[in-house]
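Asker: Below you'll find protein-v3.cif; it's mmCIF, C-alpha atoms and all ligand atoms.
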```cif
data_coords
loop_
_atom_site.label_atom_id
_atom_site.label_comp_id
_atom_site.auth_asym_id
_atom_site.auth_seq_id
_atom_site.Cartn_x
_atom_site.Cartn_y
_atom_site.Cartn_z
CA MET A 26 49.37 83.10 60.08
CA ILE A 27 53.09 83.49 59.84
CA SER A 28 54.62 85.60 62.56
CA LEU A 29 57.37 87.67 61.03
CA LYS A 30 60.69 87.73 62.82
CA ARG A 31 61.20 91.16 64.24
CA ARG A 32 63.82 92.56 66.56
CA GLY A 33 65.36 95.89 67.34
CA LEU A 34 62.97 98.78 67.75
CA LEU A 35 60.08 96.58 68.84
CA GLY A 36 62.00 94.86 71.64
CA GLY A 37 60.96 95.75 75.19
CA ALA A 38 64.24 97.03 76.64
CA GLY A 39 65.33 98.17 73.19
CA MET A 40 62.51 100.70 73.19
CA VAL A 41 64.28 102.84 75.77
CA LEU A 42 67.63 102.62 74.01
CA ALA A 43 66.00 103.35 70.67
CA THR A 44 64.29 106.54 71.79
CA PRO A 45 66.90 108.95 70.40
CA MET A 46 66.39 107.39 66.96
CA LEU A 47 62.67 108.02 67.24
CA MET A 48 63.05 111.80 67.35
CA ASN A 49 61.97 113.36 64.09
CA ARG A 50 64.52 113.54 61.32
CA ALA A 51 64.90 117.29 61.40
CA ALA A 52 65.66 117.23 65.13
CA PHE A 53 68.13 114.39 64.63
CA ALA A 54 69.87 116.25 61.81
CA GLN A 55 70.03 119.47 63.83
CA GLN A 56 71.60 117.60 66.72
CA GLN A 57 74.24 116.15 64.37
CA VAL A 58 75.01 119.57 62.92
CA ALA A 59 75.30 121.03 66.44
CA GLN A 60 77.95 118.41 67.18
CA ASP A 61 79.77 118.95 63.88
CA PRO A 62 78.91 122.14 61.95
CA SER A 63 80.77 120.88 58.86
CA LYS A 64 77.86 118.46 58.33
CA ALA A 65 75.43 121.29 57.63
CA ALA A 66 76.23 121.26 53.91
CA ASP A 67 75.28 117.63 53.62
CA ILE A 68 72.31 117.37 55.91
CA ASP A 69 70.61 114.63 53.88
CA LYS A 70 73.45 112.22 54.42
CA ILE A 71 73.34 112.42 58.20
CA MET A 72 69.63 111.74 58.50
CA PRO A 73 68.55 108.10 58.97
CA PRO A 74 68.60 106.24 55.64
CA ASP A 75 65.30 105.94 53.80
CA THR A 76 63.50 102.63 54.07
CA HIS A 77 60.25 101.58 52.43
CA ARG A 78 58.11 98.62 53.45
CA LEU A 79 55.81 96.67 51.12
CA LYS A 80 53.57 93.69 51.76
CA LEU A 81 53.76 91.08 49.00
CA GLY A 82 51.30 88.31 49.91
CA SER A 83 52.73 86.87 53.11
CA PHE A 84 56.22 88.27 52.39
CA GLU A 85 57.40 91.51 53.94
CA VAL A 86 59.66 93.45 51.56
CA VAL A 87 61.84 96.29 52.87
CA VAL A 88 63.73 98.50 50.41
CA ILE A 89 66.74 100.24 51.96
CA LYS A 90 68.52 103.21 50.44
CA ASP A 91 72.21 102.48 50.81
CA GLY A 92 72.99 105.91 49.39
CA SER A 93 72.96 108.06 46.29
CA ARG A 94 75.33 110.33 44.46
CA ALA A 95 75.42 112.83 41.64
CA SER A 96 77.21 111.00 38.87
CA GLY A 97 78.10 113.56 36.20
CA ALA A 98 77.27 113.99 32.52
CA PRO A 99 74.43 111.56 31.72
CA GLN A 100 75.54 110.82 28.15
CA GLU A 101 78.93 109.57 29.37
CA THR A 102 77.05 106.68 31.04
CA PHE A 103 73.72 106.26 29.17
CA GLY A 104 73.49 106.59 25.40
CA THR A 105 77.24 106.50 24.86
CA ASN A 106 76.53 105.77 21.17
CA GLN A 107 74.22 108.82 20.93
CA SER A 108 75.03 112.52 20.72
CA ALA A 109 75.02 114.55 23.93
CA ASP A 110 72.23 116.69 22.41
CA THR A 111 70.00 113.67 21.79
CA VAL A 112 70.42 112.49 25.39
CA ALA A 113 69.92 116.02 26.74
CA ALA A 114 66.69 116.42 24.76
CA LEU A 115 65.17 113.24 26.20
CA LEU A 116 66.14 114.27 29.73
CA GLU A 117 64.62 117.74 29.31
CA GLN A 118 61.45 116.29 27.85
CA ASN A 119 61.19 114.27 31.08
CA PHE A 120 61.74 117.29 33.36
CA LEU A 121 65.28 116.21 34.28
CA PRO A 122 68.52 118.22 34.23
CA ALA A 123 70.67 117.57 31.17
CA ASP A 124 74.10 118.08 32.73
CA ASN A 125 74.06 115.70 35.69
CA PHE A 126 72.14 112.72 37.09
CA VAL A 127 71.67 111.03 40.45
CA ASN A 128 72.42 107.36 40.85
CA SER A 129 70.97 105.61 43.90
CA PHE A 130 71.49 102.16 45.39
CA SER A 131 68.62 100.10 46.82
CA PRO A 132 69.31 96.71 48.36
CA VAL A 133 66.16 94.87 49.44
CA LEU A 134 65.29 92.59 52.34
CA VAL A 135 62.55 89.97 52.01
CA ASN A 136 61.15 88.36 55.15
CA THR A 137 59.28 85.19 54.14
CA GLY A 138 58.40 84.28 57.74
CA SER A 139 60.98 81.51 57.78
CA ASP A 140 63.91 83.28 56.13
CA VAL A 141 65.26 86.82 56.07
CA ILE A 142 66.75 87.23 52.61
CA LEU A 143 68.89 90.17 51.59
CA PHE A 144 69.46 90.98 47.91
CA ASP A 145 72.79 92.76 47.39
CA THR A 146 74.78 94.74 49.91
CA GLY A 147 75.38 98.29 48.64
CA LEU A 148 78.77 99.98 48.67
CA GLY A 149 79.75 99.01 52.21
CA GLU A 150 82.83 100.49 53.85
CA GLY A 151 84.09 101.93 50.58
CA GLY A 152 81.07 104.25 50.29
CA ARG A 153 80.95 105.60 53.82
CA ALA A 154 83.37 108.49 53.41
CA ASN A 155 80.89 109.87 50.87
CA GLY A 156 77.74 109.28 52.95
CA MET A 157 76.82 105.95 51.32
CA GLY A 158 77.22 102.35 52.52
CA ARG A 159 74.26 102.81 54.87
CA LEU A 160 72.55 99.44 54.40
CA ILE A 161 73.15 98.10 57.93
CA GLU A 162 72.03 101.40 59.45
CA GLY A 163 68.88 101.23 57.30
CA LEU A 164 68.18 97.61 58.29
CA MET A 165 68.30 98.65 61.94
CA ALA A 166 65.98 101.59 61.29
CA ALA A 167 63.54 99.02 59.83
CA GLY A 168 63.84 96.75 62.89
CA TYR A 169 66.40 94.22 61.65
CA THR A 170 70.00 93.51 62.51
CA ARG A 171 72.68 92.08 60.25
CA GLU A 172 72.58 88.91 62.38
CA ASP A 173 68.95 88.37 61.28
CA VAL A 174 69.88 87.78 57.64
CA THR A 175 69.74 84.03 56.86
CA VAL A 176 70.19 84.13 53.07
CA LEU A 177 72.18 86.67 51.09
CA VAL A 178 71.59 86.77 47.33
CA ILE A 179 74.14 88.49 45.08
CA THR A 180 72.56 89.49 41.75
CA HIS A 181 75.97 90.19 40.18
CA MET A 182 79.44 91.13 41.31
CA HIS A 183 79.90 94.82 40.56
CA GLY A 184 81.28 96.84 43.48
CA ASP A 185 78.03 98.63 44.34
CA HIS A 186 76.39 95.23 44.96
CA ILE A 187 79.14 93.31 46.77
CA GLY A 188 80.81 96.22 48.60
CA GLY A 189 78.95 95.47 51.83
CA LEU A 190 79.64 91.72 52.01
CA MET A 191 82.56 92.12 54.40
CA GLU A 192 83.23 94.49 57.28
CA GLY A 193 87.00 94.57 57.55
CA SER A 194 88.05 90.94 57.27
CA GLU A 195 84.79 89.56 58.72
CA PRO A 196 81.54 88.66 56.94
CA ALA A 197 79.09 91.55 57.50
CA PHE A 198 76.15 89.13 57.77
CA PRO A 199 77.55 86.41 60.04
CA ASN A 200 74.56 84.03 59.98
CA ALA A 201 73.88 84.08 56.25
CA ARG A 202 74.31 81.47 53.59
CA TYR A 203 74.76 82.86 50.09
CA VAL A 204 73.18 82.37 46.68
CA THR A 205 74.61 83.68 43.44
CA GLY A 206 74.86 82.88 39.74
CA GLN A 207 77.37 80.22 38.76
CA ALA A 208 78.32 82.02 35.53
CA GLU A 209 78.92 85.29 37.37
CA TYR A 210 81.16 83.75 40.00
CA ASP A 211 83.13 81.72 37.46
CA PHE A 212 83.81 84.80 35.34
CA TRP A 213 85.09 87.02 38.14
CA VAL A 214 87.28 84.53 40.00
CA ASP A 215 89.02 83.38 36.80
CA PRO A 216 92.72 84.41 36.76
CA ALA A 217 92.22 85.11 33.02
CA ARG A 218 90.75 88.48 34.12
CA GLU A 219 94.25 89.67 35.07
CA GLY A 220 95.54 92.27 32.64
CA THR A 221 92.02 92.99 31.27
CA ALA A 222 89.46 95.74 31.97
CA ALA A 223 87.90 93.35 34.51
CA GLU A 224 91.05 93.06 36.63
CA GLY A 225 89.86 95.54 39.26
CA GLY A 226 86.55 93.70 39.63
CA HIS A 227 88.39 90.38 39.75
CA LYS A 228 90.49 91.60 42.69
CA THR A 229 87.42 92.91 44.52
CA VAL A 230 85.67 89.55 44.07
CA LEU A 231 88.73 87.70 45.37
CA ALA A 232 88.68 89.95 48.47
CA LYS A 233 84.93 90.17 49.14
CA VAL A 234 83.24 87.11 47.59
CA LYS A 235 85.70 84.23 47.34
CA PRO A 236 86.25 84.01 51.13
CA LEU A 237 82.52 83.19 51.44
CA ALA A 238 82.45 80.55 48.69
CA ASP A 239 82.13 77.55 50.99
CA LYS A 240 78.78 78.91 52.23
CA MET A 241 77.55 79.65 48.69
CA THR A 242 74.96 77.94 46.51
CA PHE A 243 75.56 78.56 42.81
CA ILE A 244 72.49 78.65 40.59
CA GLY A 245 71.57 79.10 36.94
CA ASP A 246 68.40 80.09 35.10
CA GLY A 247 65.37 78.83 37.06
CA GLY A 248 67.35 78.14 40.24
CA GLU A 249 65.37 78.44 43.47
CA VAL A 250 66.54 80.54 46.44
CA VAL A 251 63.69 79.51 48.75
CA SER A 252 60.10 78.56 47.97
CA GLY A 253 58.56 81.47 46.01
CA ILE A 254 61.85 83.08 44.97
CA THR A 255 63.43 82.03 41.68
CA GLY A 256 66.48 83.25 39.78
CA MET A 257 66.37 84.05 36.06
CA ALA A 258 69.37 84.52 33.78
CA ALA A 259 69.54 88.14 32.56
CA PHE A 260 73.06 88.25 31.14
CA GLY A 261 74.65 91.28 29.49
CA HIS A 262 75.12 93.94 32.15
CA SER A 263 77.61 91.43 33.53
CA PRO A 264 78.39 87.93 32.25
CA GLY A 265 76.21 86.12 34.81
CA HIS A 266 73.79 88.86 35.95
CA MET A 267 70.65 87.30 37.50
CA ILE A 268 67.22 88.72 38.31
CA TYR A 269 64.73 87.28 40.80
CA ASN A 270 61.02 86.57 40.66
CA LEU A 271 59.19 86.86 44.01
CA GLU A 272 55.77 85.30 44.37
CA SER A 273 53.61 84.97 47.48
CA ASP A 274 49.87 84.31 47.77
CA GLY A 275 49.36 85.29 44.12
CA ARG A 276 51.29 88.58 44.37
CA ARG A 277 54.39 89.02 42.25
CA LEU A 278 57.40 91.35 42.23
CA LEU A 279 60.37 91.09 39.87
CA LEU A 280 63.74 92.22 41.19
CA THR A 281 65.39 93.37 37.96
CA ALA A 282 68.72 94.34 39.57
CA ASP A 283 70.81 96.22 36.95
CA THR A 284 68.86 95.23 33.83
CA ALA A 285 67.95 98.94 33.42
CA ASN A 286 69.80 101.57 35.40
CA HIS A 287 68.17 104.91 34.58
CA PHE A 288 64.40 105.22 34.85
CA VAL A 289 64.20 107.39 31.72
CA LEU A 290 67.30 106.81 29.60
CA SER A 291 67.47 103.01 29.96
CA LEU A 292 63.75 102.34 29.89
CA GLN A 293 62.58 104.79 27.22
CA ARG A 294 65.57 103.91 25.00
CA PRO A 295 66.51 100.33 25.95
CA GLU A 296 68.77 99.91 22.91
CA TRP A 297 71.05 102.83 23.86
CA GLU A 298 74.49 101.70 24.92
CA VAL A 299 75.41 101.97 28.60
CA ARG A 300 78.97 102.35 29.81
CA PHE A 301 78.61 99.76 32.59
CA ASP A 302 76.99 97.08 30.41
CA MET A 303 79.86 94.67 29.83
CA ASP A 304 78.24 93.10 26.73
CA LYS A 305 76.27 96.02 25.30
CA ALA A 306 74.28 94.11 22.68
CA ALA A 307 73.35 91.31 25.10
CA ALA A 308 72.39 93.84 27.78
CA ALA A 309 70.09 95.69 25.37
CA ALA A 310 68.45 92.44 24.24
CA THR A 311 67.96 91.37 27.87
CA ARG A 312 66.50 94.79 28.71
CA LYS A 313 63.89 94.39 26.00
CA ASN A 314 63.03 90.80 26.97
CA VAL A 315 62.68 91.57 30.66
CA PHE A 316 60.71 94.80 30.30
CA ASP A 317 58.49 93.39 27.55
CA MET A 318 57.50 90.79 30.15
CA VAL A 319 57.13 93.38 32.93
CA ALA A 320 54.95 95.54 30.67
CA SER A 321 52.80 92.78 29.18
CA ASP A 322 52.30 90.92 32.48
CA ARG A 323 51.67 94.30 34.19
CA ILE A 324 53.81 93.22 37.14
CA PRO A 325 55.63 95.56 39.52
CA PHE A 326 59.42 95.53 39.42
CA LEU A 327 62.15 96.74 41.72
CA GLY A 328 65.28 98.06 39.98
CA TYR A 329 68.37 98.55 42.13
CA HIS A 330 69.14 101.95 40.57
CA MET A 331 65.58 103.21 40.06
CA PRO A 332 64.60 106.33 42.07
CA PHE A 333 63.87 105.33 45.68
CA PRO A 334 61.82 103.32 46.70
CA ALA A 335 62.87 101.83 43.36
CA VAL A 336 59.55 100.06 42.68
CA GLY A 337 57.24 100.71 39.75
CA TYR A 338 55.64 99.45 36.58
CA ALA A 339 56.67 99.68 32.93
CA GLU A 340 54.21 100.94 30.34
CA LYS A 341 55.06 99.98 26.75
CA LEU A 342 55.84 102.93 24.46
CA ASP A 343 56.80 102.89 20.76
CA THR A 344 60.45 103.40 21.66
CA GLY A 345 60.66 101.50 24.95
CA TYR A 346 58.89 101.81 28.30
CA ARG A 347 57.64 104.52 30.63
CA PHE A 348 58.48 104.06 34.32
CA VAL A 349 55.37 104.40 36.49
CA PRO A 350 56.41 104.64 40.16
CA ILE A 351 54.23 102.83 42.70
CA SER A 352 51.77 104.74 44.81
CA TYR A 353 49.41 102.73 47.04
CA GLN A 354 49.24 99.41 45.14
CA PHE A 355 50.91 97.52 48.02
CA ASP A 356 48.91 99.22 50.76
CA ILE A 357 45.63 97.43 50.02
ZN ZN A 401 74.70 98.46 40.12
#
```
Can you dump the structure from the file as structure tokens?
Ligand SMILES: [Zn+2]
Answerer:
Amino acid sequence: MISLKRRGLLGGAGMVLATPMLMNRAAFAQQQVAQDPSKAADIDKIMPPDTHRLKLGSFEVVVIKDGSRASGAPQETFGTNQSADTVAALLEQNFLPADNFVNSFSPVLVNTGSDVILFDTGLGEGGRANGMGRLIEGLMAAGYTREDVTVLVITHMHGDHIGGLMEGSEPAFPNARYVTGQAEYDFWVDPAREGTAAEGGHKTVLAKVKPLADKMTFIGDGGEVVSGITGMAAFGHSPGHMIYNLESDGRRLLLTADTANHFVLSLQRPEWEVRFDMDKAAAAATRKNVFDMVASDRIPFLGYHMPFPAVGYAEKLDTGYRFVPISYQFDI
């Protein structure tokens, strides 16, 4: 029997200190509003971040909601090669508003019993002014501290995944080693990105990722993070985007990262072009390969931008896949 590492709320003395956090969310929110009435309009963002715990064999998996935001006209991001009416019709058919959509960010922690592995880091400091960047707060609500993280995996190097790597000029997870895709790192650090559309990302990677390079292991397709966790090349969304297969005691979960980024538009119409897919044709082909596997193997997947807790199944349709959110599959 593996005893899972656990600190924070369960500690003896910590119990007393933690009591204010144990008040119910409504009471906590009301207290915050009493201190600062301007927060009343945004009450969701001052409540403790959502976390969701799953048991996967002998692994403990904790999904943390780093934040979410309304992101504007859906067709300007998903289905950019379709008419606005076509995109609106599919949204309405799925009981969703046609004029706006919510994007959320769900890093995930996996406690194997010997390692505490964090996949991606949310928006970090850059998101906090807008009520996001709440990963560390969420980890603490789930009983972990940032010092507990022993391995940090970066699926790809877009800002909403690497934004939380540093706090100021210091690594946010001081005891972690890092794992990331070789192709992804090589693309973003290359000075050839200067003067291209990727220049902004290049500069962010130089500031947030490159300082950590001496503690990094670079992998390719099939590379192992730790026993039971394997990287798979899923290029297209970014040049070296990787997804991760988790397997413990016969249970499986695929972390699909940004392979599909809207639970209706990207899954039901995987061939539609997406603004943030850097190679649109490769991203669409990868989407089909990955979700064909998810659907035919009937395995659960966790998508970083799926609706929280971001875990579900994909049912094959004629045109793509239907997202089926989890209910109690991990509770028994
Ligand atoms: Zn993303």
Asker: Pick out the residues sitting within 7 Å of Met267 (chain A), and hand them over as a compact mmCIF listing (two decimals) with C-alpha atoms, keeping the file's coordinate frame; count only C-alpha atoms, and ignore anything fewer than 6 positions along from it in its own chain.
Answerer:
```txt
# COMPACT_ATOMS: atom_id res chain seq x y z
CA THR A 180 72.56 89.49 41.75
CA HIS A 181 75.97 90.19 40.18
CA GLY A 206 74.86 82.88 39.74
CA GLY A 256 66.48 83.25 39.78
CA MET A 257 66.37 84.05 36.06
CA ALA A 258 69.37 84.52 33.78
CA ALA A 259 69.54 88.14 32.56
CA PHE A 260 73.06 88.25 31.14
```
Asker: What's the separation between CA of Gly225 (chain A) and CA of Pro196 (chain A), in Å to one decimal place?
Answerer: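 Answer for the CA of Gly225 (chain A) to CA of Pro196 (chain A) separation: 20.7 Å.
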Asker: Between CA of Phe243 (chain A) and CA of Ala217 (chain A), what is the distance in Å, rounded to a tenth?
Answerer: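 Answer for the CA of Phe243 (chain A) to CA of Ala217 (chain A) separation: 20.4 Å.
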Asker: Counting all atoms listed in the file, which residues in chain A sit no more than 9 Å from ligand ZN 401 (chain A)? For each one, give the nearest pair of atoms and the distance in Å, sorted by chain then residue number, as a tab-separated table.
Answerer:
```
residue	atom	partner	partner_atom	distance
A:Ser129	CA	A:ZN401	ZN	8.9
A:Phe130	CA	A:ZN401	ZN	7.2
A:Gly147	CA	A:ZN401	ZN	8.5
A:His181	CA	A:ZN401	ZN	8.4
A:Met182	CA	A:ZN401	ZN	8.8
A:His183	CA	A:ZN401	ZN	6.4
A:Gly184	CA	A:ZN401	ZN	7.6
A:Asp185	CA	A:ZN401	ZN	5.4
A:His186	CA	A:ZN401	ZN	6.1
A:Ala282	CA	A:ZN401	ZN	7.3
A:Asp283	CA	A:ZN401	ZN	5.5
A:Asn286	CA	A:ZN401	ZN	7.5
A:Phe301	CA	A:ZN401	ZN	8.6
A:Tyr329	CA	A:ZN401	ZN	6.6
A:His330	CA	A:ZN401	ZN	6.6
```
Asker: Using all atoms listed in the file, find the one residue out of A:Met241, A:Val230, A:Asp215, A:Asp124 that sits nearest to Arg202 (chain A).
Answerer: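 Smallest distance to Arg202 (chain A) is found for A:Met241.
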Asker: Go through A:Asp145, A:Gly92, A:Gln107, A:Asp356 one by one, measure the shortest atom-to-atom distance of each to Val299 (chain A) using only C-alpha atoms, and give the residue with the smallest value.
Answerer: A:Gln107
Asker: Determine the axis-aligned bounding box of all atoms of region 80-94 of chain A present in the file, pad each side by 6 Å, and express its centre and edge lengths in Å to one decimal place as JSON.
Answerer:
```
{"center_x": 63.3, "center_y": 98.6, "center_z": 49.2, "size_x": 36.0, "size_y": 35.5, "size_z": 21.5}
```
Asker: Using only C-alpha atoms - which residues lie no farther than 8 Å from the point (56.9, 82.6, 52.9) in the file's frame? Write them as a PyMOL selection string.
Answerer: chain A and resi 27+83-84+136-140+252-253+273
Asker: So what do you get for CA of Leu79 (chain A) versus CA of Val176 (chain A), distance-wise?
Answerer: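 Computing it gives 19.2 Å between the two atoms.
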Asker: Once you count all atoms listed in the file, what closest atom pair and distance in Å to one decimal does each residue of region 236-294 of chain A within 10 Å of region 338-350 of chain A have, with rows by chain and rising residue number, as JSON lines?
Answerer:
```
{"residue": "A:His287", "atom": "CA", "partner": "A:Phe348", "partner_atom": "CA", "distance": 9.7}
{"residue": "A:Phe288", "atom": "CA", "partner": "A:Phe348", "partner_atom": "CA", "distance": 6.1}
{"residue": "A:Val289", "atom": "CA", "partner": "A:Phe348", "partner_atom": "CA", "distance": 7.1}
{"residue": "A:Leu290", "atom": "CA", "partner": "A:Gly345", "partner_atom": "CA", "distance": 9.7}
{"residue": "A:Ser291", "atom": "CA", "partner": "A:Gly345", "partner_atom": "CA", "distance": 8.6}
{"residue": "A:Leu292", "atom": "CA", "partner": "A:Tyr346", "partner_atom": "CA", "distance": 5.1}
{"residue": "A:Gln293", "atom": "CA", "partner": "A:Gly345", "partner_atom": "CA", "distance": 4.4}
{"residue": "A:Arg294", "atom": "CA", "partner": "A:Gly345", "partner_atom": "CA", "distance": 5.5}
```
Asker: Leaving out Thr242 (chain A) and any residue of its chain fewer than 3 positions from it, which residues lie within 10 Å of it when counting only C-alpha atoms, given as a PDB file with C-alpha atoms, in the coordinates of the input?
Answerer:
```
ATOM      1  CA  VAL A 178      71.590  86.770  47.330  1.00  0.00           C
ATOM      2  CA  ARG A 202      74.310  81.470  53.590  1.00  0.00           C
ATOM      3  CA  TYR A 203      74.760  82.860  50.090  1.00  0.00           C
ATOM      4  CA  VAL A 204      73.180  82.370  46.680  1.00  0.00           C
ATOM      5  CA  THR A 205      74.610  83.680  43.440  1.00  0.00           C
ATOM      6  CA  GLY A 206      74.860  82.880  39.740  1.00  0.00           C
ATOM      7  CA  GLN A 207      77.370  80.220  38.760  1.00  0.00           C
ATOM      8  CA  ALA A 238      82.450  80.550  48.690  1.00  0.00           C
ATOM      9  CA  ASP A 239      82.130  77.550  50.990  1.00  0.00           C
ATOM     10  CA  GLY A 248      67.350  78.140  40.240  1.00  0.00           C
ATOM     11  CA  VAL A 250      66.540  80.540  46.440  1.00  0.00           C
TER      12      VAL A 250
END
```
Asker: From the set A:His262, A:Lys240, A:Arg218, A:His227, which residue has the shortest atom-to-atom contact distance to Ala201 (chain A), counting only C-alpha atoms?
Answerer: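 Checking each of A:His262, A:Lys240, A:Arg218, A:His227 against Ala201 (chain A), counting only C-alpha atoms, the winner is A:Lys240.
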Asker: Which protein, DNA or RNA residues are at most 12 Å from (64.2, 88.7, 34.3) in the file's coordinates when you count all atoms listed in the file, listed as number ranges by chain?
Answerer: A: 180, 246-247, 255-261, 266-271, 278-285, 308, 310-319, 324, 326-328
Asker: Could you check the closest approach to Gly104 (chain A) for each of A:Arg323, A:Phe355, A:Thr221, A:Lys305 and tell me which residue wins, using only C-alpha atoms?
Answerer: A:Lys305
Asker: For Gly193 (chain A), please output as a list in words all residues within 12 Å (counting all atoms listed in the file; exclusion window: fewer than 5 positions along the same chain).
Answerer: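 Residues near the query, excluding close chain neighbours: Gly149, Glu150, Gly151, Gly188, Ala232 and Lys233 of chain A.
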Asker: Determine the nearest neighbour of Glu192 (chain A) from the options A:Ile244, A:Ala59, A:Ala114, A:Ile161, counting only C-alpha atoms.
Answerer: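 Using only C-alpha atoms, Glu192 (chain A) sits closest to A:Ile161.
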Asker: So, counting all atoms listed in the file, which residue among A:Ala95, A:Leu121, A:Ala320, A:Leu115 is closest to Asn155 (chain A)?
Answerer: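 Looking at the shortest contact to Asn155 (chain A), the residue is A:Ala95.
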Asker: For region 256-272 of chain A, which lacks atoms in the input, supply N, CA, C and O atoms and format the output as a PDB file, in the frame of the given file.
Answerer:
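Generated output (rebuild_18.pdb):
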```
ATOM      1  N   GLY A 256      65.540  82.490  40.589  1.00  0.00           N
ATOM      2  CA  GLY A 256      66.480  83.250  39.780  1.00  0.00           C
ATOM      3  C   GLY A 256      66.219  83.072  38.294  1.00  0.00           C
ATOM      4  O   GLY A 256      65.770  82.011  37.851  1.00  0.00           O
ATOM      5  N   MET A 257      66.492  84.120  37.519  1.00  0.00           N
ATOM      6  CA  MET A 257      66.370  84.050  36.060  1.00  0.00           C
ATOM      7  C   MET A 257      67.626  84.659  35.455  1.00  0.00           C
ATOM      8  O   MET A 257      68.066  85.741  35.868  1.00  0.00           O
ATOM      9  N   ALA A 258      68.187  83.986  34.464  1.00  0.00           N
ATOM     10  CA  ALA A 258      69.370  84.520  33.780  1.00  0.00           C
ATOM     11  C   ALA A 258      68.983  85.803  33.050  1.00  0.00           C
ATOM     12  O   ALA A 258      67.967  85.848  32.362  1.00  0.00           O
ATOM     13  N   ALA A 259      69.766  86.855  33.246  1.00  0.00           N
ATOM     14  CA  ALA A 259      69.540  88.140  32.560  1.00  0.00           C
ATOM     15  C   ALA A 259      70.907  88.707  32.212  1.00  0.00           C
ATOM     16  O   ALA A 259      71.293  89.775  32.662  1.00  0.00           O
ATOM     17  N   PHE A 260      71.647  87.953  31.404  1.00  0.00           N
ATOM     18  CA  PHE A 260      73.060  88.250  31.140  1.00  0.00           C
ATOM     19  C   PHE A 260      73.213  89.484  30.250  1.00  0.00           C
ATOM     20  O   PHE A 260      72.326  89.813  29.471  1.00  0.00           O
ATOM     21  N   GLY A 261      74.338  90.132  30.347  1.00  0.00           N
ATOM     22  CA  GLY A 261      74.650  91.280  29.490  1.00  0.00           C
ATOM     23  C   GLY A 261      75.281  92.402  30.290  1.00  0.00           C
ATOM     24  O   GLY A 261      76.404  92.807  30.015  1.00  0.00           O
ATOM     25  N   HIS A 262      74.541  92.910  31.283  1.00  0.00           N
ATOM     26  CA  HIS A 262      75.120  93.940  32.150  1.00  0.00           C
ATOM     27  C   HIS A 262      76.430  93.431  32.747  1.00  0.00           C
ATOM     28  O   HIS A 262      77.426  94.137  32.817  1.00  0.00           O
ATOM     29  N   SER A 263      76.389  92.169  33.184  1.00  0.00           N
ATOM     30  CA  SER A 263      77.610  91.430  33.530  1.00  0.00           C
ATOM     31  C   SER A 263      77.415  90.014  33.009  1.00  0.00           C
ATOM     32  O   SER A 263      76.286  89.626  32.676  1.00  0.00           O
ATOM     33  N   PRO A 264      78.497  89.221  32.942  1.00  0.00           N
ATOM     34  CA  PRO A 264      78.390  87.930  32.250  1.00  0.00           C
ATOM     35  C   PRO A 264      77.393  86.943  32.870  1.00  0.00           C
ATOM     36  O   PRO A 264      76.871  86.082  32.173  1.00  0.00           O
ATOM     37  N   GLY A 265      77.138  87.062  34.179  1.00  0.00           N
ATOM     38  CA  GLY A 265      76.210  86.120  34.810  1.00  0.00           C
ATOM     39  C   GLY A 265      75.141  86.824  35.622  1.00  0.00           C
ATOM     40  O   GLY A 265      74.626  86.257  36.596  1.00  0.00           O
ATOM     41  N   HIS A 266      74.791  88.043  35.228  1.00  0.00           N
ATOM     42  CA  HIS A 266      73.790  88.860  35.950  1.00  0.00           C
ATOM     43  C   HIS A 266      72.456  88.109  36.043  1.00  0.00           C
ATOM     44  O   HIS A 266      71.943  87.598  35.058  1.00  0.00           O
ATOM     45  N   MET A 267      71.905  88.027  37.276  1.00  0.00           N
ATOM     46  CA  MET A 267      70.650  87.300  37.500  1.00  0.00           C
ATOM     47  C   MET A 267      69.594  88.245  38.077  1.00  0.00           C
ATOM     48  O   MET A 267      69.913  89.157  38.845  1.00  0.00           O
ATOM     49  N   ILE A 268      68.341  87.997  37.712  1.00  0.00           N
ATOM     50  CA  ILE A 268      67.220  88.720  38.310  1.00  0.00           C
ATOM     51  C   ILE A 268      66.360  87.705  39.063  1.00  0.00           C
ATOM     52  O   ILE A 268      66.535  86.496  38.896  1.00  0.00           O
ATOM     53  N   TYR A 269      65.449  88.188  39.903  1.00  0.00           N
ATOM     54  CA  TYR A 269      64.730  87.280  40.800  1.00  0.00           C
ATOM     55  C   TYR A 269      63.240  87.553  40.807  1.00  0.00           C
ATOM     56  O   TYR A 269      62.814  88.702  40.979  1.00  0.00           O
ATOM     57  N   ASN A 270      62.466  86.486  40.618  1.00  0.00           N
ATOM     58  CA  ASN A 270      61.020  86.570  40.660  1.00  0.00           C
ATOM     59  C   ASN A 270      60.532  86.191  42.064  1.00  0.00           C
ATOM     60  O   ASN A 270      60.884  85.135  42.579  1.00  0.00           O
ATOM     61  N   LEU A 271      59.759  87.096  42.676  1.00  0.00           N
ATOM     62  CA  LEU A 271      59.190  86.860  44.010  1.00  0.00           C
ATOM     63  C   LEU A 271      57.701  86.632  43.849  1.00  0.00           C
ATOM     64  O   LEU A 271      57.030  87.430  43.176  1.00  0.00           O
ATOM     65  N   GLU A 272      57.192  85.587  44.477  1.00  0.00           N
ATOM     66  CA  GLU A 272      55.770  85.300  44.370  1.00  0.00           C
ATOM     67  C   GLU A 272      55.258  84.779  45.697  1.00  0.00           C
ATOM     68  O   GLU A 272      55.827  83.858  46.265  1.00  0.00           O
TER      69      GLU A 272
END
```
